[in-house]
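Q: Quick one, target_25.txt (compact mmCIF, C-alpha atoms):
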```
# COMPACT_ATOMS: atom_id res chain seq x y z
CA MET A 195 91.61 152.23 55.99
CA LYS A 196 89.31 151.08 58.76
CA ARG A 197 90.26 149.04 61.79
CA PHE A 198 90.24 145.66 60.05
CA GLY A 199 92.59 147.00 57.41
CA ARG A 200 95.08 147.86 60.12
CA LEU A 201 95.26 144.36 61.50
CA ALA A 202 98.84 143.27 61.49
CA ALA A 203 98.56 139.74 62.81
CA GLY A 204 96.53 136.58 62.25
CA VAL A 205 93.32 137.11 60.79
CA PHE A 206 79.91 122.24 53.14
CA LEU A 207 81.05 119.76 55.39
CA THR A 208 80.11 116.14 55.54
CA ALA A 209 76.92 115.36 57.41
CA GLY A 210 77.16 114.17 60.97
CA ILE A 211 74.62 113.08 63.53
CA LEU A 212 72.92 115.84 65.46
CA ALA A 213 74.05 115.47 69.04
CA GLY A 214 74.07 117.66 72.10
CA CYS A 215 77.25 118.22 74.03
CA ALA A 216 79.02 120.78 76.22
CA GLY A 217 76.49 121.63 78.84
CA GLY A 218 73.72 119.15 78.12
CA GLY A 219 70.02 119.74 78.31
CA SER A 220 67.98 122.00 76.11
CA SER A 221 67.92 125.74 75.71
CA SER A 222 65.62 127.74 77.88
CA GLY A 223 64.44 131.31 77.62
CA GLY A 224 64.98 133.98 80.20
CA GLY A 225 67.09 136.57 78.40
CA ASP A 226 70.86 136.58 78.74
CA LYS A 227 70.72 134.61 82.01
CA GLY A 228 69.30 131.53 80.27
CA ARG A 229 71.28 128.90 78.41
CA ILE A 230 72.78 129.71 75.02
CA THR A 231 72.25 127.15 72.26
CA LEU A 232 75.00 126.99 69.64
CA TYR A 233 74.68 125.12 66.34
CA SER A 234 78.03 124.34 64.73
CA PRO A 235 79.56 121.92 62.21
CA GLU A 236 83.05 122.64 63.52
CA THR A 237 85.05 119.92 65.28
CA PRO A 238 83.11 118.92 68.42
CA ASP A 239 86.11 119.03 70.78
CA PHE A 240 86.98 122.48 69.46
CA THR A 241 83.48 123.91 69.91
CA LYS A 242 83.20 122.32 73.36
CA GLU A 243 86.40 124.11 74.32
CA LEU A 244 84.95 127.43 73.14
CA ALA A 245 81.76 126.76 75.12
CA ALA A 246 83.70 125.85 78.27
CA LYS A 247 85.76 129.05 78.06
CA TYR A 248 82.60 131.16 77.67
CA GLU A 249 81.03 129.41 80.66
CA GLU A 250 84.20 130.01 82.70
CA LEU A 251 84.26 133.73 81.84
CA HIS A 252 80.55 134.52 81.97
CA GLY A 253 78.97 131.87 84.19
CA GLN A 254 76.34 131.07 81.56
CA LYS A 255 75.80 127.59 80.11
CA VAL A 256 76.30 126.93 76.40
CA ASP A 257 74.70 123.89 74.77
CA VAL A 258 76.58 122.91 71.60
CA HIS A 259 74.76 120.91 68.94
CA TYR A 260 76.98 119.41 66.25
CA ALA A 261 76.08 118.26 62.74
CA GLY A 262 77.13 118.82 59.15
CA THR A 263 76.35 122.24 57.71
CA ASN A 264 73.51 121.11 55.46
CA ILE A 265 71.85 119.17 58.29
CA LEU A 266 72.03 122.20 60.58
CA VAL A 267 70.55 124.51 57.94
CA ASN A 268 67.70 122.05 57.37
CA GLN A 269 67.22 121.85 61.14
CA MET A 270 67.00 125.63 61.42
CA MET A 271 64.53 125.75 58.55
CA ALA A 272 62.35 123.11 60.22
CA GLU A 273 62.49 125.11 63.45
CA LYS A 274 61.82 128.45 61.78
CA ASP A 275 58.45 128.97 63.51
CA ASN A 276 59.91 127.96 66.88
CA PRO A 277 63.71 128.48 66.77
CA LYS A 278 65.82 126.44 69.16
CA ALA A 279 69.27 127.89 68.35
CA ASP A 280 70.66 131.26 69.38
CA VAL A 281 73.91 131.24 67.38
CA TRP A 282 75.18 129.38 64.31
CA TYR A 283 78.97 129.32 63.98
CA GLY A 284 81.02 127.87 61.15
CA GLY A 285 80.45 126.05 57.91
CA GLY A 286 83.60 126.13 55.81
CA GLY A 287 83.27 129.82 54.99
CA ILE A 288 80.57 132.28 54.01
CA LEU A 289 78.77 130.39 51.23
CA PRO A 290 76.21 128.50 53.37
CA PHE A 291 75.54 131.70 55.32
CA GLU A 292 74.97 133.65 52.11
CA ALA A 293 72.56 130.98 50.93
CA ALA A 294 70.71 131.13 54.26
CA VAL A 295 70.17 134.90 54.17
CA GLU A 296 67.10 134.64 51.92
CA ARG A 297 65.58 131.87 54.05
CA GLY A 298 64.68 134.20 56.88
CA ILE A 299 66.50 132.31 59.62
CA LEU A 300 69.31 134.81 60.28
CA ALA A 301 68.97 137.91 62.46
CA SER A 302 71.10 141.03 62.05
CA TYR A 303 73.85 141.58 64.60
CA ILE A 304 77.44 142.79 64.27
CA PRO A 305 79.61 142.90 67.41
CA ASP A 306 81.16 146.27 68.25
CA PHE A 307 84.60 144.78 67.52
CA ALA A 308 83.66 144.49 63.84
CA ALA A 309 81.43 147.55 63.53
CA ASP A 310 83.90 149.61 61.49
CA TRP A 311 85.20 146.84 59.23
CA ASP A 312 84.65 147.29 55.52
CA ILE A 313 82.19 144.82 54.01
CA VAL A 314 84.87 143.62 51.56
CA GLU A 315 88.58 144.26 51.87
CA ASN A 316 91.36 142.90 49.68
CA GLY A 317 88.87 140.57 47.99
CA ILE A 318 87.75 139.11 51.34
CA LYS A 319 84.12 139.61 52.35
CA LEU A 320 84.36 140.23 56.09
CA LYS A 321 80.71 140.56 57.04
CA HIS A 322 77.25 140.68 55.50
CA GLN A 323 76.11 144.06 54.25
CA ASP A 324 72.92 143.84 56.32
CA GLY A 325 74.63 142.39 59.38
CA LYS A 326 73.39 138.83 58.84
CA TYR A 327 76.79 137.34 59.71
CA VAL A 328 80.29 138.38 60.74
CA GLY A 329 83.60 136.66 60.08
CA VAL A 330 85.46 135.39 63.14
CA GLU A 331 88.48 133.69 61.49
CA LEU A 332 90.00 133.03 58.07
CA PHE A 333 90.25 129.90 55.92
CA VAL A 334 92.49 129.59 52.85
CA LEU A 335 91.90 127.09 50.04
CA GLY A 336 95.17 125.57 48.86
CA PHE A 337 97.42 122.54 48.59
CA SER A 338 98.68 120.20 51.28
CA TYR A 339 101.69 118.09 50.37
CA ASN A 340 103.58 115.20 51.91
CA THR A 341 107.05 116.47 52.77
CA ASP A 342 108.54 112.96 52.51
CA LEU A 343 107.33 112.70 48.92
CA VAL A 344 107.46 116.32 47.70
CA THR A 345 109.94 119.12 48.37
CA GLU A 346 108.72 122.65 48.96
CA ALA A 347 110.51 123.75 45.80
CA GLU A 348 108.70 121.26 43.57
CA ALA A 349 105.29 121.60 45.23
CA PRO A 350 102.65 123.29 43.04
CA LYS A 351 102.40 127.07 43.50
CA THR A 352 99.42 127.79 41.21
CA TRP A 353 96.25 125.95 40.25
CA ALA A 354 97.68 125.43 36.77
CA ASP A 355 100.70 123.65 38.29
CA LEU A 356 98.38 120.80 39.33
CA LEU A 357 98.18 119.75 35.68
CA ASP A 358 101.92 119.06 35.43
CA PRO A 359 102.33 115.45 34.19
CA LYS A 360 104.53 114.66 37.20
CA TRP A 361 101.41 114.75 39.42
CA GLU A 362 99.44 112.21 37.41
CA GLY A 363 97.89 109.73 39.84
CA LYS A 364 99.27 111.62 42.83
CA ILE A 365 96.55 114.19 43.61
CA GLN A 366 93.36 114.02 45.64
CA PHE A 367 90.62 116.61 45.87
CA PRO A 368 87.09 116.47 47.32
CA ASN A 369 84.06 115.65 45.20
CA PRO A 370 82.30 118.91 44.23
CA ALA A 371 78.98 117.06 44.11
CA ALA A 372 79.31 116.39 47.85
CA SER A 373 81.80 118.85 49.31
CA GLY A 374 81.30 122.59 49.67
CA THR A 375 85.07 122.99 49.81
CA ALA A 376 85.37 121.52 46.32
CA THR A 377 82.36 123.39 44.94
CA LEU A 378 84.13 126.58 45.97
CA MET A 379 87.20 125.39 44.05
CA VAL A 380 85.19 124.83 40.87
CA MET A 381 83.34 128.12 41.05
CA ASP A 382 86.54 130.04 41.72
CA GLN A 383 88.11 128.64 38.56
CA MET A 384 84.99 129.56 36.59
CA MET A 385 85.24 133.14 37.79
CA GLN A 386 88.94 133.29 36.98
CA GLN A 387 88.96 131.48 33.63
CA GLY A 388 85.37 131.48 32.38
CA GLU A 389 83.20 128.39 32.46
CA GLU A 390 84.41 126.72 29.25
CA LYS A 391 88.10 126.88 30.17
CA ALA A 392 87.33 125.92 33.77
CA TRP A 393 85.56 122.73 32.65
CA GLU A 394 88.55 121.93 30.44
CA PHE A 395 90.82 122.45 33.45
CA PHE A 396 88.81 120.04 35.60
CA GLU A 397 88.61 117.41 32.87
CA LYS A 398 92.41 117.36 33.04
CA LEU A 399 92.55 117.56 36.84
CA VAL A 400 90.22 114.57 37.22
CA LYS A 401 92.74 112.52 35.21
CA GLN A 402 95.50 113.58 37.62
CA ALA A 403 93.61 112.30 40.68
CA ASN A 404 93.93 108.85 42.23
CA SER A 405 90.78 109.44 44.30
CA ILE A 406 88.02 112.06 44.63
CA PRO A 407 86.49 111.45 48.09
CA ASP A 408 83.27 113.06 49.30
CA SER A 409 84.80 114.52 52.46
CA GLY A 410 86.45 117.93 52.34
CA SER A 411 89.17 116.84 54.78
CA ALA A 412 89.86 113.39 53.28
CA PRO A 413 92.47 114.52 50.70
CA THR A 414 94.61 116.13 53.41
CA LYS A 415 94.39 112.97 55.53
CA ALA A 416 95.38 110.93 52.47
CA VAL A 417 98.45 113.14 52.06
CA ALA A 418 99.37 112.51 55.69
CA MET A 419 99.15 108.76 55.11
CA GLY A 420 101.19 108.91 51.91
CA GLU A 421 98.23 107.89 49.78
CA ALA A 422 98.54 111.12 47.80
CA HIS A 423 101.38 113.53 47.17
CA ILE A 424 99.11 116.58 46.88
CA GLY A 425 95.71 117.26 48.44
CA ILE A 426 93.33 120.18 47.97
CA GLY A 427 91.71 121.57 51.10
CA PHE A 428 91.71 124.35 53.68
CA ASP A 429 94.88 125.45 55.46
CA PHE A 430 93.89 124.37 58.98
CA MET A 431 93.39 120.79 57.79
CA ALA A 432 97.08 120.58 56.85
CA TYR A 433 98.36 122.31 59.95
CA GLU A 434 96.30 120.05 62.22
CA GLN A 435 98.00 117.05 60.62
CA LYS A 436 101.41 118.69 60.87
CA ALA A 437 100.85 119.38 64.57
CA LYS A 438 100.16 115.67 65.09
CA GLY A 439 103.64 114.93 63.74
CA GLU A 440 102.58 114.01 60.22
CA THR A 441 104.86 114.91 57.31
CA VAL A 442 102.46 117.49 55.87
CA ASP A 443 102.82 121.13 54.90
CA PHE A 444 100.70 123.67 53.04
CA ILE A 445 101.03 125.91 49.99
CA VAL A 446 98.92 129.04 49.49
CA PRO A 447 98.35 129.25 45.71
CA ASP A 448 99.19 132.46 43.91
CA LYS A 449 95.49 133.38 43.60
CA THR A 450 92.92 131.48 45.63
CA PRO A 451 89.75 131.86 47.71
CA VAL A 452 90.34 133.31 51.17
CA LEU A 453 87.14 133.22 53.20
CA VAL A 454 86.03 134.29 56.63
CA ASN A 455 84.34 131.58 58.64
CA PRO A 456 81.32 133.38 60.14
CA ALA A 457 78.93 133.38 63.05
CA THR A 458 75.35 134.62 63.02
CA LEU A 459 72.51 135.32 65.42
CA ILE A 460 69.39 133.22 64.76
CA GLU A 461 66.16 135.08 64.03
CA GLY A 462 63.73 134.62 66.91
CA GLY A 463 66.12 132.48 68.96
CA PRO A 464 65.14 131.86 72.59
CA ASN A 465 68.06 133.81 74.07
CA ALA A 466 68.93 136.70 71.77
CA GLU A 467 70.84 138.67 74.40
CA GLY A 468 72.90 135.63 75.34
CA GLY A 469 73.48 134.92 71.66
CA LYS A 470 74.83 138.44 71.12
CA LYS A 471 77.19 138.05 74.05
CA PHE A 472 78.46 134.75 72.65
CA MET A 473 79.09 136.37 69.26
CA ASP A 474 80.99 139.16 71.01
CA PHE A 475 82.98 136.45 72.80
CA LEU A 476 83.94 134.74 69.51
CA LEU A 477 85.92 137.85 68.54
CA SER A 478 87.53 138.22 71.98
CA LYS A 479 91.16 137.38 72.74
CA GLU A 480 90.11 134.33 74.75
CA ALA A 481 88.06 132.73 71.98
CA GLN A 482 90.49 133.75 69.25
CA GLN A 483 93.31 132.10 71.18
CA ILE A 484 91.38 128.83 71.17
CA MET A 485 90.87 129.16 67.40
CA ALA A 486 94.59 129.81 66.96
CA ASP A 487 95.42 126.80 69.14
CA TRP A 488 93.35 124.70 66.72
CA TYR A 489 95.41 126.10 63.80
CA HIS A 490 92.74 128.46 62.49
CA ILE A 491 93.85 131.94 61.38
CA PRO A 492 92.63 134.39 64.04
CA ILE A 493 91.07 137.70 63.06
CA ASN A 494 91.79 139.57 66.32
CA PRO A 495 95.16 141.35 65.97
CA GLU A 496 96.02 140.70 69.62
CA VAL A 497 96.18 136.95 69.00
CA GLU A 498 99.12 135.37 67.20
CA SER A 499 98.56 132.67 64.59
CA LYS A 500 100.01 129.25 65.41
CA THR A 501 100.63 128.65 61.70
CA PRO A 502 102.82 130.56 59.24
CA LEU A 503 99.66 132.22 57.89
CA THR A 504 98.26 135.58 58.99
CA LEU A 505 95.89 138.09 57.43
CA GLU A 506 98.79 140.16 56.18
CA LYS A 507 100.38 137.14 54.50
CA VAL A 508 97.28 135.75 52.81
CA LYS A 509 95.31 138.82 51.74
CA ALA A 510 97.53 139.37 48.67
CA HIS A 511 96.54 135.88 47.47
CA ALA A 512 92.78 136.44 47.81
CA VAL A 513 90.59 136.47 44.71
CA ASP A 514 87.56 138.73 44.56
CA LEU A 515 84.67 136.26 44.62
CA ASP A 516 81.36 137.31 43.05
CA ILE A 517 79.15 136.09 45.88
CA ASP A 518 75.90 136.91 44.06
CA TRP A 519 77.00 134.78 41.10
CA VAL A 520 78.00 131.97 43.45
CA ASN A 521 74.58 132.02 45.10
CA GLU A 522 72.77 132.02 41.76
CA ASN A 523 74.83 129.22 40.20
CA TYR A 524 75.84 126.99 43.11
CA ASP A 525 73.29 124.21 42.52
CA ARG A 526 73.69 124.35 38.76
CA VAL A 527 77.45 123.92 38.94
CA ARG A 528 77.18 120.97 41.34
CA ASN A 529 74.64 119.30 39.06
CA GLU A 530 76.82 119.88 36.00
CA TRP A 531 79.74 118.28 37.83
CA LYS A 532 77.61 115.21 38.48
CA ASP A 533 76.60 115.06 34.81
CA LYS A 534 80.19 115.36 33.59
CA PHE A 535 82.14 113.27 36.05
CA GLN A 536 79.84 110.84 37.90
```
Rewrite the coordinates I just gave you, this time as structure tokens.

A:
Amino acid sequence: MKRFGRLAAGVFLTAGILAGCAGGGSSSGGGDKGRITLYSPETPDFTKELAAKYEELHGQKVDVHYAGTNILVNQMMAEKDNPKADVWYGGGGILPFEAAVERGILASYIPDFAADWDIVENGIKLKHQDGKYVGVELFVLGFSYNTDLVTEAEAPKTWADLLDPKWEGKIQFPNPAASGTATLMVMDQMMQQGEEKAWEFFEKLVKQANSIPDSGSAPTKAVAMGEAHIGIGFDFMAYEQKAKGETVDFIVPDKTPVLVNPATLIEGGPNAEGGKKFMDFLLSKEAQQIMADWYHIPINPEVESKTPLTLEKVKAHAVDLDIDWVNENYDRVRNEWKDKFQ
């Protein structure tokens, strides 16, 4: 098994308004001594902290531009003939990166740290086969629950458990017509059960829900506020709430999507050498520690997860996603959801 396999420790978002932060100004050329421009839909305070640490270590400014994933992709497409970004990091997992591969906006670069990783291991795609992106952390799709309202013993342990009559009117999950998190949920069930049975499953799940918000993080926040007993979302959403003192915990379903959250170098970006150095940095102990401090699952084995989840603990739960099928059917499935449920 290659180096990634020996790791023993921690391993589409709603649209925002494009805004510059962390460093200010615009990117300039000049090789690796110029500014680095980072596009990211991740939490602004989190990405600003990453940028500040890079600046502290390397003495090179990083301009962070925040927006929702779809807005950033559209921005990069509009800038294709004159790219402004050097690095794109984050987007709720690999799906938006996979979709962007054919659009000609991603360059090939894999940091040395990840050079000997397998492309796919234990059902988790770690990096693109042509080097168009590399995973820098892990996200797990599962169930948050309010510990004042639900005991760990009675919390659902499988996707089928969500259909138990005791959860009627007590579940929230994001709207697959708006949320990439929820689209992933639907497509995973289709791959596991077949499309006909998956649609039957979701017809029942919709009846269990008291709300189906557009935001991927909204169900977890509703659980924290006691507005739902169970919420579907990514692991870090629950652990962020728990760290704030909310009565929230997280269940990793028996079989569920486990995705790397990637970074990529932008084709033709103004500071390619600086962009490569920033991607190297994202896999370093210093950057991985910041990710862990924000309750993400780190991928560098020298950094300890701040949550109960590590690569070793979650890889047995990972389903083998057919990424090609996802890419080919993503829009169709979202449109069918709209036709059936909206």

Q: Show which residues sit within 7 Å of stretch 361-372 of chain A, as a VMD selection string. Count only C-alpha atoms, and ignore same-chain residues fewer than 3 positions away.

A: chain A and resid 356 358 376 to 377 402 to 410 413 422 to 426 528 531 to 532

Q: Could you tell me which of A:His259, A:His490, A:Lys507, A:Lys479 comes closest to A:Ala279 if we count only C-alpha atoms?

A: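 Selected residue with least distance to A:Ala279: A:His259.
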
Q: I'd like to know which of A:Tyr283, A:Trp353, A:Phe475, A:Trp311 is closest to A:Glu250, using only C-alpha atoms.

A: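 Selected residue with least distance to A:Glu250: A:Phe475.
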
Q: Name the closest residue to A:Ala457 among the candidates A:Asp474, A:Asp355, A:Glu522, A:Glu480; distances are taken between atoms, counting all atoms listed in the file.

A: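 Under the stated criterion, the closest residue is A:Asp474.
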
Q: Select, from A:Pro451, A:Pro350, A:Gly439, A:Gly336, the residue with the minimum atom-to-atom distance to A:Ile517, counting only C-alpha atoms.

A: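 Closest candidate: A:Pro451.
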
Q: Calculate how many Å separate atom CA of A:Phe428 from atom CA of A:Val334, rounding to one decimal.

A: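 Separation between atom CA of A:Phe428 and atom CA of A:Val334: 5.4 Å.
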
Q: I need the residue nearest A:Lys534 from this list: A:Leu266, A:Val400, A:Met384, A:Ala246. Use all atoms listed in the file for the distance.

A: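 Nearest candidate to A:Lys534 out of A:Leu266, A:Val400, A:Met384, A:Ala246: A:Val400.
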
Q: So how far away is atom CA of A:Val380 from atom CA of A:Gly427, in Å?

A: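 If I compute the distance from atom CA of A:Gly427 to atom CA of A:Val380, I get 12.6 Å.
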
Q: Ranking A:Val442, A:Ile265, A:Ala308, A:Val497 by minimum distance to A:Met473 and counting all atoms listed in the file, which one comes first?

A: A:Ala308

Q: Write out as a ChimeraX atom specification which residues come within 12 Å of A:His322 when counting only C-alpha atoms, dropping same-chain ones fewer than 3 positions away.

A: /A:288-289,291-295,300-304,308-309,311-314,318-319,325-329,454-458,517

Q: For A:Ala245, list every protein, DNA or RNA residue within 8 Å, evaluated using only C-alpha atoms, and leave out those in the same chain fewer than 2 positions away; present the list as an mmCIF file with C-alpha atoms, in the coordinates of the input.

A:
```cif
data_model
loop_
_atom_site.group_PDB
_atom_site.id
_atom_site.type_symbol
_atom_site.label_atom_id
_atom_site.label_comp_id
_atom_site.auth_asym_id
_atom_site.auth_seq_id
_atom_site.Cartn_x
_atom_site.Cartn_y
_atom_site.Cartn_z
ATOM 1 C CA ALA A 216 79.020 120.780 76.220
ATOM 2 C CA THR A 241 83.480 123.910 69.910
ATOM 3 C CA LYS A 242 83.200 122.320 73.360
ATOM 4 C CA GLU A 243 86.400 124.110 74.320
ATOM 5 C CA LYS A 247 85.760 129.050 78.060
ATOM 6 C CA TYR A 248 82.600 131.160 77.670
ATOM 7 C CA GLU A 249 81.030 129.410 80.660
ATOM 8 C CA LYS A 255 75.800 127.590 80.110
ATOM 9 C CA VAL A 256 76.300 126.930 76.400
ATOM 10 C CA ASP A 257 74.700 123.890 74.770
ATOM 11 C CA VAL A 258 76.580 122.910 71.600
#
```
